[in-house]
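> Structure: coords.cif, mmCIF, C-alpha atoms.
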data_run
#
loop_
_atom_site.label_atom_id
_atom_site.label_comp_id
_atom_site.auth_asym_id
_atom_site.auth_seq_id
_atom_site.Cartn_x
_atom_site.Cartn_y
_atom_site.Cartn_z
CA MET A 24 -15.95 92.37 -6.70
CA SER A 25 -12.36 91.39 -7.35
CA GLY A 26 -11.10 87.89 -8.13
CA HIS A 27 -13.11 85.18 -9.71
CA SER A 28 -16.52 85.72 -11.26
CA THR A 29 -19.67 84.01 -10.04
CA SER A 30 -19.54 81.33 -12.77
CA ASP A 31 -15.86 80.59 -12.05
CA ARG A 32 -16.61 80.27 -8.35
CA ALA A 33 -19.50 77.82 -9.03
CA THR A 34 -17.28 75.73 -11.29
CA TYR A 35 -14.59 75.63 -8.60
CA GLU A 36 -17.07 74.47 -5.97
CA LEU A 37 -18.39 71.65 -8.24
CA ILE A 38 -14.89 70.42 -8.91
CA SER A 39 -14.06 70.46 -5.18
CA VAL A 40 -17.19 68.43 -4.29
CA ALA A 41 -16.42 65.91 -7.04
CA ASP A 42 -12.89 65.46 -5.75
CA VAL A 43 -14.19 64.71 -2.26
CA MET A 44 -16.79 62.17 -3.45
CA LEU A 45 -14.47 60.24 -5.77
CA PRO A 46 -13.13 57.02 -4.15
CA ILE A 47 -9.47 56.99 -3.38
CA ASP A 48 -7.62 54.14 -5.19
CA PRO A 49 -5.55 51.99 -2.83
CA PRO A 50 -1.83 52.00 -3.50
CA ARG A 51 -0.76 49.22 -5.80
CA PRO A 52 2.19 47.04 -4.89
CA ARG A 53 5.23 47.64 -6.97
CA SER A 54 5.67 44.01 -7.91
CA ALA A 55 2.79 41.50 -7.58
CA ARG A 56 4.03 37.99 -6.81
CA PRO A 57 2.55 35.17 -8.92
CA ALA A 58 0.64 32.41 -7.13
CA ALA A 59 2.91 29.62 -5.91
CA PRO A 60 2.56 26.46 -8.04
CA VAL A 61 1.20 23.30 -6.44
CA LEU A 62 4.22 20.98 -6.31
CA ALA A 63 2.96 18.20 -4.05
CA PRO A 64 -0.32 16.30 -4.54
CA ARG A 65 -2.96 16.53 -1.88
CA ARG A 66 -3.56 13.60 0.39
CA LEU A 67 -5.91 11.03 -1.13
CA PRO A 68 -9.11 10.33 0.84
CA ALA A 69 -9.47 6.90 2.39
CA TRP A 70 -11.89 5.79 -0.34
CA GLY A 71 -9.79 7.24 -3.17
CA ILE A 72 -7.82 4.03 -3.61
CA LEU A 73 -11.06 2.31 -4.71
CA PHE A 74 -11.52 4.58 -7.73
CA GLY A 75 -9.34 2.55 -10.10
CA PRO A 76 -10.87 -0.87 -9.24
CA LEU A 77 -14.40 0.54 -9.53
CA VAL A 78 -13.68 1.95 -12.99
CA LEU A 79 -12.22 -1.40 -14.05
CA VAL A 80 -15.31 -3.28 -12.84
CA LEU A 81 -17.65 -0.85 -14.64
CA VAL A 82 -15.76 -1.22 -17.92
CA TRP A 83 -15.72 -4.99 -17.48
CA GLU A 84 -19.49 -5.08 -16.85
CA ALA A 85 -20.16 -2.85 -19.84
CA ALA A 86 -18.08 -5.08 -22.10
CA SER A 87 -19.96 -8.15 -20.87
CA GLN A 88 -23.42 -6.59 -21.30
CA THR A 89 -22.67 -5.37 -24.83
CA GLY A 90 -21.33 -8.76 -25.92
CA LEU A 91 -17.74 -7.64 -26.41
CA LEU A 92 -16.65 -10.12 -23.72
CA SER A 93 -17.97 -13.66 -23.99
CA PRO A 94 -19.14 -15.32 -20.73
CA ARG A 95 -17.24 -18.44 -21.80
CA LEU A 96 -14.02 -16.46 -21.53
CA LEU A 97 -14.86 -14.37 -18.47
CA ALA A 98 -18.10 -14.06 -16.52
CA ALA A 99 -19.59 -10.63 -15.93
CA PRO A 100 -19.17 -9.05 -12.47
CA SER A 101 -22.95 -9.15 -11.95
CA THR A 102 -22.97 -12.90 -12.66
CA ALA A 103 -20.07 -13.42 -10.26
CA VAL A 104 -21.91 -11.48 -7.54
CA THR A 105 -24.96 -13.71 -7.94
CA THR A 106 -22.78 -16.84 -7.78
CA GLY A 107 -20.93 -15.50 -4.75
CA PHE A 108 -24.16 -14.89 -2.83
CA ALA A 109 -25.34 -18.41 -3.66
CA MET A 110 -22.04 -19.83 -2.37
CA LEU A 111 -22.35 -17.75 0.79
CA GLN A 112 -25.85 -19.04 1.44
CA ALA A 113 -24.66 -22.60 0.94
CA GLY A 114 -21.71 -22.06 3.30
CA THR A 115 -19.17 -23.15 0.69
CA LEU A 116 -17.34 -19.85 0.36
CA GLN A 117 -16.86 -19.34 4.12
CA GLU A 118 -15.38 -22.83 4.54
CA HIS A 119 -12.82 -22.38 1.78
CA PHE A 120 -12.04 -18.80 2.82
CA LEU A 121 -11.20 -19.81 6.39
CA ALA A 122 -8.87 -22.54 5.14
CA SER A 123 -7.03 -20.06 2.89
CA ALA A 124 -6.89 -17.35 5.55
CA GLN A 125 -5.37 -19.73 8.09
CA ARG A 126 -2.55 -20.69 5.71
CA ALA A 127 -1.94 -17.12 4.62
CA TRP A 128 -1.89 -15.48 8.04
CA LEU A 129 0.28 -18.18 9.60
CA GLY A 130 2.84 -17.97 6.79
CA LEU A 131 2.67 -14.15 6.84
CA GLY A 132 3.31 -13.97 10.58
CA ILE A 133 6.28 -16.35 10.47
CA GLY A 134 7.79 -14.61 7.44
CA VAL A 135 7.42 -11.08 8.84
CA VAL A 136 9.03 -11.97 12.18
CA ALA A 137 11.86 -13.88 10.49
CA GLY A 138 12.50 -11.09 7.97
CA LEU A 139 12.55 -8.40 10.68
CA VAL A 140 14.94 -10.37 12.93
CA LEU A 141 17.30 -11.16 10.04
CA ALA A 142 17.26 -7.54 8.87
CA LEU A 143 18.16 -6.27 12.34
CA ALA A 144 20.93 -8.82 12.70
CA SER A 145 22.32 -8.07 9.25
CA GLY A 146 21.88 -4.31 9.41
CA LEU A 147 23.44 -3.76 12.83
CA THR A 148 26.33 -6.25 12.88
CA ARG A 149 29.10 -7.00 10.42
CA LEU A 150 28.98 -10.73 11.18
CA GLY A 151 25.25 -10.76 10.54
CA GLU A 152 25.60 -8.95 7.22
CA ALA A 153 28.38 -11.27 6.10
CA SER A 154 26.43 -14.43 6.94
CA ILE A 155 22.82 -13.41 6.20
CA ASP A 156 22.66 -10.81 3.43
CA GLY A 157 24.17 -12.98 0.70
CA VAL A 158 21.84 -15.90 1.47
CA VAL A 159 18.75 -13.69 1.34
CA GLN A 160 19.91 -12.14 -1.94
CA VAL A 161 20.25 -15.65 -3.40
CA LYS A 162 16.72 -16.49 -2.26
CA ARG A 163 15.53 -13.21 -3.77
CA ALA A 164 16.80 -14.36 -7.16
CA ILE A 165 15.08 -17.74 -6.93
CA PRO A 166 11.31 -17.72 -7.58
CA THR A 167 9.08 -19.42 -5.03
CA LEU A 168 7.72 -21.74 -7.71
CA ALA A 169 11.21 -23.10 -8.30
CA LEU A 170 11.41 -24.21 -4.66
CA ILE A 171 8.22 -26.28 -4.76
CA PRO A 172 9.88 -29.59 -5.85
CA LEU A 173 12.47 -29.39 -3.07
CA ALA A 174 9.90 -28.29 -0.52
CA ILE A 175 7.73 -31.30 -1.39
CA LEU A 176 10.72 -33.65 -0.96
CA TRP A 177 11.67 -32.09 2.38
CA LEU A 178 8.28 -31.33 3.92
CA GLY A 179 5.83 -33.45 1.97
CA ILE A 180 2.71 -32.14 0.25
CA GLY A 181 0.82 -31.16 3.38
CA GLU A 182 0.23 -27.85 5.15
CA ALA A 183 3.83 -27.50 6.40
CA MET A 184 5.14 -27.16 2.84
CA LYS A 185 2.61 -24.49 1.92
CA ILE A 186 3.15 -22.42 5.07
CA ALA A 187 6.94 -22.66 4.73
CA LEU A 188 6.89 -21.42 1.13
CA ILE A 189 4.54 -18.57 2.00
CA ALA A 190 6.88 -17.58 4.84
CA THR A 191 9.93 -17.55 2.55
CA SER A 192 8.04 -15.44 0.02
CA VAL A 193 7.10 -12.95 2.73
CA LEU A 194 10.55 -12.89 4.33
CA VAL A 195 12.38 -11.40 1.35
CA PRO A 196 10.55 -8.04 0.89
CA VAL A 197 10.46 -7.45 4.67
CA TYR A 198 14.18 -8.14 4.95
CA ILE A 199 15.22 -6.11 1.89
CA ASN A 200 13.32 -2.94 2.78
CA THR A 201 14.03 -3.05 6.52
CA HIS A 202 17.73 -3.70 5.92
CA ALA A 203 17.93 -0.84 3.41
CA ALA A 204 16.25 1.54 5.87
CA LEU A 205 18.66 0.52 8.64
CA ARG A 206 21.70 1.03 6.44
CA GLY A 207 20.31 4.40 5.36
CA ILE A 208 20.16 5.90 8.86
CA ASP A 209 22.16 9.12 8.97
CA LEU A 210 25.52 8.71 10.70
CA ARG A 211 24.92 11.96 12.56
CA PHE A 212 22.24 10.23 14.59
CA VAL A 213 24.70 7.48 15.46
CA GLU A 214 27.27 10.06 16.55
CA LEU A 215 24.63 11.88 18.59
CA ALA A 216 23.61 8.65 20.31
CA ARG A 217 27.26 7.94 21.13
CA SER A 218 27.83 11.46 22.45
CA VAL A 219 24.86 11.29 24.85
CA GLY A 220 25.99 7.89 26.08
CA LEU A 221 23.22 5.61 24.76
CA GLY A 222 23.80 1.90 25.27
CA ARG A 223 23.24 -0.78 22.67
CA ALA A 224 19.66 -1.48 23.76
CA GLU A 225 18.77 2.23 23.97
CA PHE A 226 20.28 2.87 20.55
CA LEU A 227 18.22 0.03 19.11
CA ARG A 228 15.00 1.31 20.69
CA ARG A 229 15.41 5.05 20.10
CA VAL A 230 17.37 5.26 16.85
CA ALA A 231 17.55 1.98 14.91
CA LEU A 232 13.94 0.82 15.15
CA PRO A 233 12.33 4.25 14.44
CA GLY A 234 14.71 4.71 11.52
CA ALA A 235 13.83 1.29 10.11
CA LEU A 236 10.04 1.68 10.44
CA PRO A 237 9.43 3.37 7.03
CA GLY A 238 11.30 0.61 5.23
CA PHE A 239 9.62 -2.08 7.32
CA PHE A 240 6.13 -0.87 6.41
CA THR A 241 7.07 -0.72 2.73
CA GLY A 242 8.29 -4.29 2.95
CA LEU A 243 5.16 -5.32 4.84
CA ARG A 244 2.91 -3.99 2.09
CA LEU A 245 4.88 -5.98 -0.48
CA ALA A 246 4.85 -9.01 1.82
CA VAL A 247 1.06 -9.01 2.07
CA THR A 248 0.82 -9.10 -1.72
CA ALA A 249 3.45 -11.85 -1.95
CA CYS A 250 1.54 -13.86 0.64
CA TRP A 251 -1.68 -14.01 -1.35
CA THR A 252 0.17 -14.49 -4.64
CA ALA A 253 2.02 -17.54 -3.31
CA LEU A 254 -1.20 -18.89 -1.81
CA VAL A 255 -2.94 -18.89 -5.20
CA VAL A 256 -0.34 -21.31 -6.58
CA LEU A 257 0.20 -23.47 -3.51
CA GLU A 258 -3.50 -24.16 -2.99
CA GLN A 259 -3.58 -25.94 -6.33
CA ILE A 260 -1.20 -28.62 -5.04
CA ASN A 261 -2.85 -31.54 -3.23
CA THR A 262 -5.54 -29.54 -1.44
CA THR A 263 -9.17 -30.32 -0.76
CA GLU A 264 -10.11 -26.92 0.64
CA GLY A 265 -9.22 -23.29 0.04
CA ILE A 266 -10.00 -20.61 -2.53
CA GLY A 267 -7.25 -21.87 -4.84
CA TYR A 268 -8.69 -25.38 -4.77
CA LEU A 269 -12.13 -23.96 -5.52
CA MET A 270 -10.80 -22.11 -8.56
CA ASN A 271 -8.84 -25.13 -9.77
CA ARG A 272 -11.96 -27.31 -9.63
CA ALA A 273 -14.01 -24.64 -11.38
CA ARG A 274 -11.46 -24.56 -14.19
CA ASP A 275 -12.04 -28.26 -14.89
CA TYR A 276 -15.79 -27.62 -15.28
CA GLY A 277 -15.48 -24.33 -17.17
CA GLN A 278 -17.18 -22.33 -14.39
CA THR A 279 -15.76 -18.89 -15.08
CA ASP A 280 -18.16 -17.29 -12.61
CA VAL A 281 -16.69 -19.34 -9.75
CA ILE A 282 -13.17 -18.45 -10.92
CA VAL A 283 -14.11 -14.76 -10.88
CA VAL A 284 -15.50 -15.16 -7.35
CA GLY A 285 -12.18 -16.64 -6.26
CA LEU A 286 -10.25 -13.83 -7.91
CA ALA A 287 -12.53 -11.28 -6.27
CA VAL A 288 -11.88 -12.85 -2.85
CA TYR A 289 -8.12 -12.66 -3.39
CA ALA A 290 -8.42 -9.07 -4.65
CA VAL A 291 -10.55 -7.94 -1.70
CA LEU A 292 -8.25 -9.64 0.80
CA GLY A 293 -5.16 -8.11 -0.79
CA LEU A 294 -6.67 -4.63 -0.97
CA ALA A 295 -8.04 -4.80 2.58
CA SER A 296 -4.70 -6.02 3.91
CA ASP A 297 -2.86 -3.19 2.14
CA MET A 298 -5.29 -0.60 3.50
CA ALA A 299 -4.88 -2.02 7.01
CA VAL A 300 -1.09 -1.78 6.75
CA ARG A 301 -1.39 1.80 5.50
CA ALA A 302 -3.62 2.72 8.44
CA VAL A 303 -1.15 1.27 10.93
CA GLU A 304 1.71 3.00 9.10
CA ARG A 305 0.00 6.41 9.33
CA ARG A 306 -0.43 6.00 13.08
CA ALA A 307 3.05 4.64 13.71
CA LEU A 308 4.73 7.32 11.57
CA SER A 309 2.49 10.25 12.49
CA TRP A 310 5.61 12.19 13.51
CA ARG A 311 6.99 12.12 9.99
CA LYS A 312 6.34 15.03 7.63
CA ALA A 313 6.63 13.74 4.10
CA LEU A 314 5.00 13.96 0.68
CA GLY A 315 1.40 12.74 0.86
CA THR A 316 1.04 12.97 4.66
#
Show this structure as structure tokens.

Amino acid sequence: MSGHSTSDRATYELISVADVMLPIDPPRPRSARPAAPVLAPRRLPAWGILFGPLVLVLVWEAASQTGLLSPRLLAAPSTAVTTGFAMLQAGTLQEHFLASAQRAWLGLGIGVVAGLVLALASGLTRLGEASIDGVVQVKRAIPTLALIPLAILWLGIGEAMKIALIATSVLVPVYINTHAALRGIDLRFVELARSVGLGRAEFLRRVALPGALPGFFTGLRLAVTACWTALVVLEQINTTEGIGYLMNRARDYGQTDVIVVGLAVYAVLGLASDMAVRAVERRALSWRKALGT
């Protein structure tokens, strides 16, 4: 028998079977790309904004329970909750809350409308910018507290003075941000509107107002905060109802738990108002693709 021997032939057959049964390695790419880094943060859940306040309240409660924070300086959150429920059952908190809310919402509405109208007039006309922008910038530099003496002389110490000062506090952030957004509209959109023959009203509706919306909502969020901040001070001037009056009276009697309840009401109202503005902003600007959307 010529050729390979029996042992060589057996060895050859074993090697051939092994080659068939071995798995075939897939081809490797020449250059493996590294994973792309995460550059933009993910969108925060609706409840995510509450994380910081909850941590603050927990630390505050822990400091009160361990004696690090004296109740004479600041009542514990648990004590304030008990006091708040007692005031709710007595009807006191609802009465003062409604009085404060009426002042705040009326001043907020007047200020937002006035700020938006002034921003449109100043941002879209040269005459408006020349006559309005400088005056608003002067008001921006003057704190609301500095206007209280004049406002009392002009409007008295009643509700008109308080609502007027809240409105002027709200007007400034709405005007500043809306005006900046209007002036920041790309000129290419203006040229496009001119080339397709849009009139003044159509340009305002299709280009100017959509372009100003992001700035308007930013100003509105600041305006809501300014509204409640001004209300805290103004309700301590010749008032017999309102959360600010309640806190001012509690200060005279050293009732820190009532003061904390008042602060909690302002905080909840401010946070709820900001979340409401954010919700409206997401719906109104759903077409925009930006960081965090």
> At a cut-off of 10 Å, using only C-alpha atoms, what residues contact Met110 (chain A)? Leave out same-chain residues fewer than 6 positions from it and give the result as a list of chain:residue names.
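Counting only the stated atoms, we get A:Val104, A:Leu116, A:Gln117, A:Val281, A:Val284.
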> Which residues come within 8 Å of Leu141 (chain A), counting all atoms listed in the file, excluding same-chain residues fewer than 3 positions away, as a list in words?
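Here the answer would be Ala137, Gly138, Ala144, Ser145, Gly151, Ile155 and Tyr198 of chain A.
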> Tell me which protein, DNA and RNA residues are within 9 Å of Arg163 (chain A), counting all atoms listed in the file, leaving out same-chain ones fewer than 2 positions away, and put them as a list in words.
Val158, Val159, Gln160, Val161, Ile165, Pro166, Ser192, Val195 and Pro196 of chain A
> For Leu269 (chain A), which residue among A:Val78, A:Ala190, A:Gly71, A:Ala122 is the nearest when counting only C-alpha atoms?
A:Ala122
> Figure out the distance between CA of Ala249 (chain A) and CA of Leu227 (chain A), please, to one decimal in Å.
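One can read the CA of Leu227 (chain A) to CA of Ala249 (chain A) distance as 28.3 Å.
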> At what distance in Å, to one decimal, does CA of Gly265 (chain A) lie from CA of Val80 (chain A)?
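We find that CA of Val80 (chain A) and CA of Gly265 (chain A) lie 24.6 Å from each other.
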> I'd like the contact shell of region 291-303 of chain A - 12 Å cut-off, only C-alpha atoms, skipping same-chain residues fewer than 2 positions apart - returned as a PyMOL selection string.
chain A and resi 68-73+75-76+120-121+123-124+127-128+131+236-237+239-252+254-255+266+283-289+305-309+316
> If I take CA of Ala174 (chain A) and CA of Leu139 (chain A), how far is one from the other in Å, to one decimal?
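Spanning CA of Ala174 (chain A) to CA of Leu139 (chain A) is a straight-line distance of 23.0 Å.
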> Running the PyMOL selection byres ((chain A and resi 170) around 12) on this model by hand, what would come out? Give it as a PyMOL selection string.
chain A and resi 162-169+171-178+184-185+187-189+191-192+253+257
> Pick the closest to Arg223 (chain A) from A:Leu147, A:Ser87, A:Arg95, A:Leu81: which is it, counting all atoms listed in the file?
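Counting all atoms listed in the file, the residue closest to Arg223 (chain A) is A:Leu147.
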> Could you tell me which of A:Arg274, A:Ile282, A:Leu129, A:Leu150 comes closest to Gly107 (chain A) if we count all atoms listed in the file?
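Nearest candidate to Gly107 (chain A) out of A:Arg274, A:Ile282, A:Leu129, A:Leu150: A:Ile282.
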